[in-house]
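Enquirer: Take a look at entry.csv, CSV, C-alpha atoms:
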```
chain,number,residue,atom,x,y,z
A,1,MET,CA,104.5,125.4,92.5
A,2,LYS,CA,103.4,125.6,88.9
A,3,ARG,CA,99.8,124.7,88.2
A,4,ASP,CA,100.3,124.2,84.5
A,5,LEU,CA,99.1,120.9,83.0
A,6,MET,CA,102.0,118.7,82.0
A,7,ILE,CA,102.2,115.1,80.8
A,8,HIS,CA,105.4,113.1,81.0
A,9,ARG,CA,106.3,109.5,80.1
A,10,VAL,CA,108.8,107.7,82.3
A,11,SER,CA,109.9,104.1,82.6
A,12,ARG,CA,110.6,104.2,86.4
A,13,VAL,CA,109.0,105.8,89.5
A,14,GLU,CA,110.9,105.8,92.8
A,15,ALA,CA,109.0,106.9,95.8
A,16,ARG,CA,110.0,107.3,99.5
A,17,CYS,CA,108.3,108.4,102.7
A,18,VAL,CA,110.2,110.6,105.1
A,19,PRO,CA,109.2,112.0,108.5
A,20,MET,CA,107.8,115.6,108.3
A,21,THR,CA,105.7,117.8,110.4
A,22,TRP,CA,103.0,119.5,108.2
A,23,GLU,CA,103.0,123.0,109.6
A,24,TRP,CA,99.7,124.0,107.9
A,25,ALA,CA,97.9,121.1,109.5
A,26,GLU,CA,99.4,121.8,113.0
A,27,GLN,CA,98.3,125.5,112.7
A,28,ASN,CA,94.8,124.6,111.7
A,29,ARG,CA,93.6,121.9,114.1
A,30,GLU,CA,90.3,123.6,114.9
A,31,LEU,CA,89.5,124.2,111.2
A,32,ILE,CA,90.3,120.5,110.4
A,33,ALA,CA,88.2,119.2,113.3
A,34,ALA,CA,85.2,121.3,112.2
A,35,ASN,CA,85.6,120.3,108.6
A,36,TRP,CA,85.7,116.6,109.5
A,37,LYS,CA,82.6,116.9,111.7
A,38,ARG,CA,80.8,118.5,108.7
A,39,ARG,CA,82.1,115.9,106.3
A,40,THR,CA,81.1,112.9,108.4
A,41,ALA,CA,77.7,114.2,109.3
A,42,ASP,CA,76.1,112.7,106.1
A,43,LYS,CA,79.0,110.2,105.4
A,44,PRO,CA,79.6,108.5,108.7
A,45,LYS,CA,81.5,105.7,107.1
A,46,MET,CA,84.4,108.0,106.2
A,47,PHE,CA,87.5,106.8,108.2
A,48,ASN,CA,90.2,109.1,109.5
A,49,GLY,CA,93.2,106.8,108.7
A,50,ARG,CA,96.7,107.8,107.7
A,51,VAL,CA,97.6,108.8,104.2
A,52,LEU,CA,100.8,109.8,102.3
A,53,LEU,CA,101.0,113.2,100.6
A,54,LEU,CA,103.7,114.5,98.3
A,55,ASN,CA,106.1,117.3,99.2
A,56,ASN,CA,108.7,116.9,96.4
A,57,VAL,CA,108.7,115.7,92.8
A,58,GLU,CA,111.9,115.4,90.7
A,59,PHE,CA,112.1,114.3,87.0
A,60,GLU,CA,115.5,113.0,85.9
A,61,GLN,CA,115.4,111.8,82.2
A,62,ASP,CA,113.4,108.6,82.3
A,63,LEU,CA,112.9,108.6,86.1
A,64,LEU,CA,110.5,110.3,88.5
A,65,ARG,CA,111.4,110.6,92.1
A,66,ASN,CA,108.6,111.3,94.6
A,67,THR,CA,109.0,112.1,98.3
A,68,TYR,CA,106.0,111.5,100.6
A,69,PHE,CA,105.1,112.2,104.2
A,70,GLU,CA,102.5,110.8,106.5
A,71,THR,CA,99.4,112.7,107.8
A,72,ASP,CA,95.8,112.2,108.8
A,73,TYR,CA,93.1,111.8,106.2
A,74,ALA,CA,91.1,114.5,108.0
A,75,ASP,CA,94.1,116.9,107.4
A,76,PHE,CA,94.1,115.9,103.7
A,77,VAL,CA,90.3,116.4,103.3
A,78,ALA,CA,90.4,119.9,105.0
A,79,TRP,CA,93.3,120.9,102.7
A,80,ILE,CA,91.2,120.0,99.7
A,81,ASP,CA,88.0,121.6,101.0
A,82,ASN,CA,89.8,124.8,101.7
A,83,GLN,CA,91.2,125.0,98.1
A,84,TYR,CA,94.7,123.8,98.7
A,85,PRO,CA,96.0,126.6,101.0
A,86,ASP,CA,99.5,125.1,101.3
A,87,ASP,CA,100.8,124.9,97.7
A,88,THR,CA,104.0,123.1,98.7
A,89,ILE,CA,102.0,119.9,99.1
A,90,ALA,CA,100.4,117.6,96.4
A,91,ASN,CA,98.2,114.6,96.1
A,92,GLY,CA,100.3,112.0,94.1
A,93,PHE,CA,98.4,108.8,93.5
A,94,ALA,CA,98.8,105.7,91.2
A,95,MET,CA,96.0,105.1,88.8
A,96,GLY,CA,95.2,102.4,86.3
A,97,ALA,CA,93.8,103.6,83.0
A,98,LEU,CA,91.6,100.6,82.3
A,99,ARG,CA,90.6,99.9,78.8
A,100,GLY,CA,89.2,97.0,76.7
A,101,SER,CA,90.8,95.1,73.9
A,102,ASP,CA,89.1,97.5,71.5
A,103,GLY,CA,90.9,100.5,72.9
A,104,ALA,CA,87.9,102.1,74.6
A,105,PHE,CA,88.4,103.1,78.3
A,106,ILE,CA,86.3,102.0,81.3
A,107,CYS,CA,85.9,104.6,84.1
A,108,GLY,CA,84.2,104.2,87.4
A,109,ILE,CA,81.4,106.4,88.7
A,110,MET,CA,82.0,106.9,92.4
A,111,GLY,CA,79.3,105.8,94.9
A,112,ALA,CA,77.1,108.1,96.9
A,113,HIS,CA,78.8,107.3,100.2
A,114,THR,CA,82.3,108.3,98.9
A,115,THR,CA,84.1,111.6,99.3
A,116,ASN,CA,83.8,112.1,95.5
A,117,ALA,CA,80.3,110.9,95.0
A,118,GLY,CA,79.1,111.0,91.3
A,119,ARG,CA,82.6,111.9,90.0
A,120,ILE,CA,84.1,109.9,87.2
A,121,TYR,CA,87.6,108.4,87.6
A,122,PHE,CA,89.8,105.5,86.9
A,123,ALA,CA,90.3,103.4,90.0
A,124,ALA,CA,92.8,105.1,92.3
A,125,GLY,CA,93.5,106.1,95.9
A,126,THR,CA,95.8,108.4,97.8
A,127,PRO,CA,98.7,106.2,99.1
A,128,ASP,CA,98.3,105.0,102.6
A,129,LEU,CA,100.3,102.9,105.2
A,130,SER,CA,99.6,99.7,103.3
A,131,ASP,CA,101.7,101.0,100.5
A,132,LEU,CA,104.7,101.8,102.8
A,133,ARG,CA,107.5,99.2,102.9
A,134,PRO,CA,109.8,98.7,105.9
A,135,ASP,CA,112.7,100.4,104.1
A,136,GLY,CA,110.6,103.6,103.6
A,137,THR,CA,109.8,103.1,100.0
A,138,VAL,CA,106.2,103.6,98.7
A,139,ASP,CA,105.0,100.8,96.5
A,140,LEU,CA,102.9,102.7,93.9
A,141,ALA,CA,102.7,99.8,91.5
A,142,THR,CA,101.0,97.6,94.0
A,143,SER,CA,98.8,100.5,95.1
A,144,LEU,CA,97.6,100.8,91.5
A,145,ILE,CA,96.6,97.1,91.3
A,146,ARG,CA,95.0,97.0,94.8
A,147,GLU,CA,92.8,100.0,94.1
A,148,LEU,CA,91.8,98.6,90.7
A,149,GLU,CA,90.8,95.2,92.2
A,150,GLU,CA,89.0,96.8,95.2
A,151,GLU,CA,86.9,99.2,93.1
A,152,THR,CA,86.1,97.0,90.1
A,153,GLY,CA,86.2,93.4,91.5
A,154,LEU,CA,88.7,92.4,88.8
A,155,ARG,CA,91.4,90.0,89.7
A,156,GLU,CA,94.9,89.0,88.5
A,157,GLY,CA,94.5,87.5,85.1
A,158,ASP,CA,91.6,89.8,84.2
A,159,PHE,CA,94.0,92.5,82.9
A,160,HIS,CA,97.5,93.4,81.8
A,161,VAL,CA,99.4,96.4,83.3
A,162,ASP,CA,101.9,98.2,81.1
A,163,ASP,CA,105.4,99.0,82.5
A,164,GLU,CA,105.5,102.6,81.3
A,165,TRP,CA,104.2,105.4,83.6
A,166,ILE,CA,102.2,108.3,82.2
A,167,ILE,CA,102.5,111.2,84.7
A,168,VAL,CA,99.6,113.8,84.4
A,169,GLN,CA,100.5,116.7,86.6
A,170,ARG,CA,98.6,119.8,87.5
A,171,TRP,CA,99.9,120.7,90.9
A,172,PRO,CA,98.6,119.9,93.5
A,173,THR,CA,97.3,116.8,91.7
A,174,ILE,CA,99.7,114.3,90.2
A,175,ALA,CA,98.3,111.2,88.6
A,176,LEU,CA,100.8,108.4,88.1
A,177,MET,CA,99.1,106.3,85.5
A,178,ARG,CA,99.7,103.0,83.8
A,179,MET,CA,97.7,101.6,80.9
A,180,VAL,CA,95.7,98.5,82.0
A,181,THR,CA,94.2,96.4,79.3
A,182,MET,CA,91.5,93.7,79.6
A,183,PRO,CA,91.4,90.8,77.0
A,184,VAL,CA,87.8,91.6,76.2
A,185,THR,CA,86.1,94.7,74.7
A,186,ALA,CA,85.2,97.6,76.9
A,187,GLU,CA,81.5,96.7,76.6
A,188,GLU,CA,82.2,93.2,77.9
A,189,GLY,CA,84.6,94.5,80.6
A,190,ALA,CA,81.9,97.0,81.7
A,191,LYS,CA,79.4,94.1,82.1
A,192,ILE,CA,81.9,92.2,84.2
A,193,ILE,CA,82.5,95.1,86.5
A,194,ARG,CA,78.8,95.9,86.8
A,195,ALA,CA,78.2,92.3,87.9
A,196,ASN,CA,81.0,92.6,90.5
A,197,ILE,CA,79.5,95.9,91.8
A,198,ALA,CA,76.1,94.3,92.2
A,199,LYS,CA,77.6,91.5,94.3
A,200,ASP,CA,79.5,93.9,96.6
A,201,PRO,CA,77.5,94.8,99.7
A,202,GLU,CA,79.5,98.1,100.0
A,203,PRO,CA,80.8,99.0,96.5
A,204,GLU,CA,82.9,102.1,96.0
A,205,LEU,CA,81.5,102.5,92.5
A,206,GLN,CA,77.8,102.9,91.6
A,207,ASP,CA,78.4,102.3,87.9
A,208,VAL,CA,80.9,102.5,85.1
A,209,LYS,CA,81.3,104.8,82.0
A,210,ILE,CA,82.8,103.8,78.7
A,211,VAL,CA,85.0,106.5,77.0
A,212,ARG,CA,85.6,105.9,73.3
A,213,GLY,CA,86.6,109.4,72.2
A,214,LEU,CA,86.7,113.1,72.8
A,215,GLU,CA,82.9,113.3,72.6
A,216,ASP,CA,82.6,111.1,75.8
A,217,ILE,CA,84.6,113.6,78.0
A,218,ASP,CA,82.3,115.1,80.6
A,219,PRO,CA,83.8,118.3,82.1
A,220,LYS,CA,81.1,118.4,84.8
A,221,THR,CA,82.0,115.0,86.3
A,222,MET,CA,85.6,114.4,85.3
A,223,PRO,CA,88.5,116.1,87.0
A,224,LEU,CA,90.7,118.3,84.8
A,225,PHE,CA,93.7,116.0,84.9
A,226,LEU,CA,91.5,113.1,83.5
A,227,GLN,CA,90.1,115.3,80.8
A,228,THR,CA,93.6,116.2,79.8
A,229,PHE,CA,94.7,112.5,79.8
A,230,PHE,CA,91.9,111.6,77.4
A,231,GLU,CA,92.6,114.6,75.1
A,232,TRP,CA,96.2,113.5,75.0
A,233,VAL,CA,95.4,109.9,74.3
A,234,PHE,CA,92.9,110.5,71.6
A,235,THR,CA,95.0,113.1,69.8
A,236,HIS,CA,98.3,111.2,69.9
A,237,THR,CA,97.1,107.7,68.9
```
If you convert what's in this file into structure tokens, what do you get?

Expert:
Amino acid sequence: MKRDLMIHRVSRVEARCVPMTWEWAEQNRELIAANWKRRTADKPKMFNGRVLLLNNVEFEQDLLRNTYFETDYADFVAWIDNQYPDDTIANGFAMGALRGSDGAFICGIMGAHTTNAGRIYFAAGTPDLSDLRPDGTVDLATSLIRELEEETGLREGDFHVDDEWIIVQRWPTIALMRMVTMPVTAEEGAKIIRANIAKDPEPELQDVKIVRGLEDIDPKTMPLFLQTFFEWVFTHT
């Protein structure tokens, strides 16, 4: 798969989950078990649930079609920790690009107990079984809102979600992003989220960071796809 960075705008995303045996995971059970034991030694709250990973992506004019399959979270984590040894698979997740009414963005700083402690992201999560519908479709729009509400404490009415999708792709990472705008400035929005974090006994975020321009991009804590998104936004608006 191509690892070049690409950004696409589409009006629709269709996603389905189909049965598949992940050969890499089946062939590396001992490695996966050892990696999970190491990972949970200092983060015992990590849960080995089921997640949905991508094995096919197709762009067709104004449409993106995603095909997912189901696997253990431990398989997924071992794949990441071993530098993505199976390059036919990708992590394709919905992500809300949260911003204030002044156009500045509000990112979260991940908590110490999380897999990505200290890293800076918008709220997001790899799709799981709660995003899977009885007809086999994967509801990425609902996944985006759920992750945003869970991580920030915001609720319906606190923000507006755009219809357009912005796809930031660097295989094996594909962020399916939508602009999410609060009716208050980023500074005011950050205060609201910090208050929500303080009330949460087990918050996913430890703090938030406001990004107003290219000078606020931090290569040490922001993943490459997020840096690319900000560079694209601030040079095209």

Enquirer: Would you work out the distance separating atom CA of Ala15 of chain A from atom CA of Arg170 of chain A, expressed in Å to one decimal?

Expert: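 Between atom CA of Ala15 of chain A and atom CA of Arg170 of chain A the gap is 18.5 Å.
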
Enquirer: Can you check which parts of segment 170-222 of chain A lie within 12 Å of segment 126-140 of chain A? Per residue, the shortest pair of atoms and distance in Å to one decimal, counting all atoms listed in the file, sorted by chain and number, as CSV.

Expert:
```
residue,atom,partner,partner_atom,distance
A:Thr173,CA,A:Thr126,CA,10.5
A:Ile174,CA,A:Thr126,CA,10.4
A:Ala175,CA,A:Thr126,CA,9.9
A:Leu176,CA,A:Leu140,CA,8.4
A:Met177,CA,A:Leu140,CA,9.9
A:Arg178,CA,A:Leu140,CA,10.6
```

Enquirer: Could you please take those selected residues and save C-alpha atoms as a tab-separated table (two decimals), in the coordinates of the input?

Expert:
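The resulting file, selection.tsv, is reproduced below:
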```tsv
chain	number	residue	atom	x	y	z
A	173	THR	CA	97.30	116.80	91.70
A	174	ILE	CA	99.70	114.30	90.20
A	175	ALA	CA	98.30	111.20	88.60
A	176	LEU	CA	100.80	108.40	88.10
A	177	MET	CA	99.10	106.30	85.50
A	178	ARG	CA	99.70	103.00	83.80
```

Enquirer: Kindly extract all protein, DNA and RNA residues lying within 12 Å of the coordinates (82.5, 96.7, 96.5) given in the file, considering all atoms listed in the file, and supply them as a JSON list (two decimals) with C-alpha atoms, in the frame of the given file.

Expert:
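Final file, result31.json:
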```json
[["chain", "number", "residue", "atom", "x", "y", "z"],
["A", 108, "GLY", "CA", 84.20, 104.20, 87.40],
["A", 110, "MET", "CA", 82.00, 106.90, 92.40],
["A", 111, "GLY", "CA", 79.30, 105.80, 94.90],
["A", 113, "HIS", "CA", 78.80, 107.30, 100.20],
["A", 114, "THR", "CA", 82.30, 108.30, 98.90],
["A", 147, "GLU", "CA", 92.80, 100.00, 94.10],
["A", 148, "LEU", "CA", 91.80, 98.60, 90.70],
["A", 149, "GLU", "CA", 90.80, 95.20, 92.20],
["A", 150, "GLU", "CA", 89.00, 96.80, 95.20],
["A", 151, "GLU", "CA", 86.90, 99.20, 93.10],
["A", 152, "THR", "CA", 86.10, 97.00, 90.10],
["A", 153, "GLY", "CA", 86.20, 93.40, 91.50],
["A", 154, "LEU", "CA", 88.70, 92.40, 88.80],
["A", 193, "ILE", "CA", 82.50, 95.10, 86.50],
["A", 194, "ARG", "CA", 78.80, 95.90, 86.80],
["A", 195, "ALA", "CA", 78.20, 92.30, 87.90],
["A", 196, "ASN", "CA", 81.00, 92.60, 90.50],
["A", 197, "ILE", "CA", 79.50, 95.90, 91.80],
["A", 198, "ALA", "CA", 76.10, 94.30, 92.20],
["A", 199, "LYS", "CA", 77.60, 91.50, 94.30],
["A", 200, "ASP", "CA", 79.50, 93.90, 96.60],
["A", 201, "PRO", "CA", 77.50, 94.80, 99.70],
["A", 202, "GLU", "CA", 79.50, 98.10, 100.00],
["A", 203, "PRO", "CA", 80.80, 99.00, 96.50],
["A", 204, "GLU", "CA", 82.90, 102.10, 96.00],
["A", 205, "LEU", "CA", 81.50, 102.50, 92.50],
["A", 206, "GLN", "CA", 77.80, 102.90, 91.60],
["A", 207, "ASP", "CA", 78.40, 102.30, 87.90]]
```

Enquirer: List the neighbours of Ala34 of chain A out to 10 Å using all atoms listed in the file; skip same-chain residues closer than 4 positions along the sequence, and give me the result as a list in words.

Expert: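 Near neighbours after the sequence-gap exclusion: Arg29, Glu30, Arg38, Arg39, Ala74 and Ala78 of chain A.
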
Enquirer: A:Gly125, A:Gly49, A:Pro44, A:Gly189: which is nearest Ala94 of chain A, counting only C-alpha atoms?

Expert: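 Using only C-alpha atoms, the shortest distance to Ala94 of chain A belongs to A:Gly125.
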
Enquirer: Quick one: pull the distance between atom CA of Ser101 of chain A and atom CA of Thr185 of chain A, Å, one decimal.

Expert: 4.8 Å

Enquirer: Within 10 Å of (90.6, 98.4, 80.2) in the file's own coordinates, which protein, DNA or RNA residues have an atom, counting all atoms listed in the file? List them as a list in words.

Expert: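 Those within range, by chain then number, are Gly96, Ala97, Leu98, Arg99, Gly100, Ser101, Asp102, Gly103, Ala104, Phe105, Ile106, Cys107, Phe122, Asp158, Phe159, His160, Val161, Met179, Val180, Thr181, Met182, Pro183, Val184, Thr185, Ala186, Glu187, Gly189, Ala190 and Ile210 of chain A.
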
Enquirer: May I ask which of the residues A:Ile120, A:Ile192, A:Val77, A:Leu224 is the closest one to Ala33 of chain A, counting only C-alpha atoms?

Expert: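 Checking each candidate against Ala33 of chain A, we get A:Val77 as the closest.
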
Enquirer: Of the candidates A:Glu58, A:Asn66, A:Glu26, A:Gly118, which one gets nearest to Phe93 of chain A if we count all atoms listed in the file?

Expert: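 Among A:Glu58, A:Asn66, A:Glu26, A:Gly118, it is A:Asn66 that comes nearest to Phe93 of chain A.
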
Enquirer: Given the choices A:Asn28, A:Ser11, A:Met222, A:Pro172, which gets closest to Leu54 of chain A if the distance is worked out from all atoms listed in the file?

Expert: A:Pro172

Enquirer: For each of A:Leu5, A:Ile167, A:Arg155, A:Trp24, take the minimum atom-to-atom distance to Thr228 of chain A, counting all atoms listed in the file, then give the residue where this is smallest.

Expert: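 Of A:Leu5, A:Ile167, A:Arg155, A:Trp24, the one nearest Thr228 of chain A, counting all atoms listed in the file, is A:Leu5.
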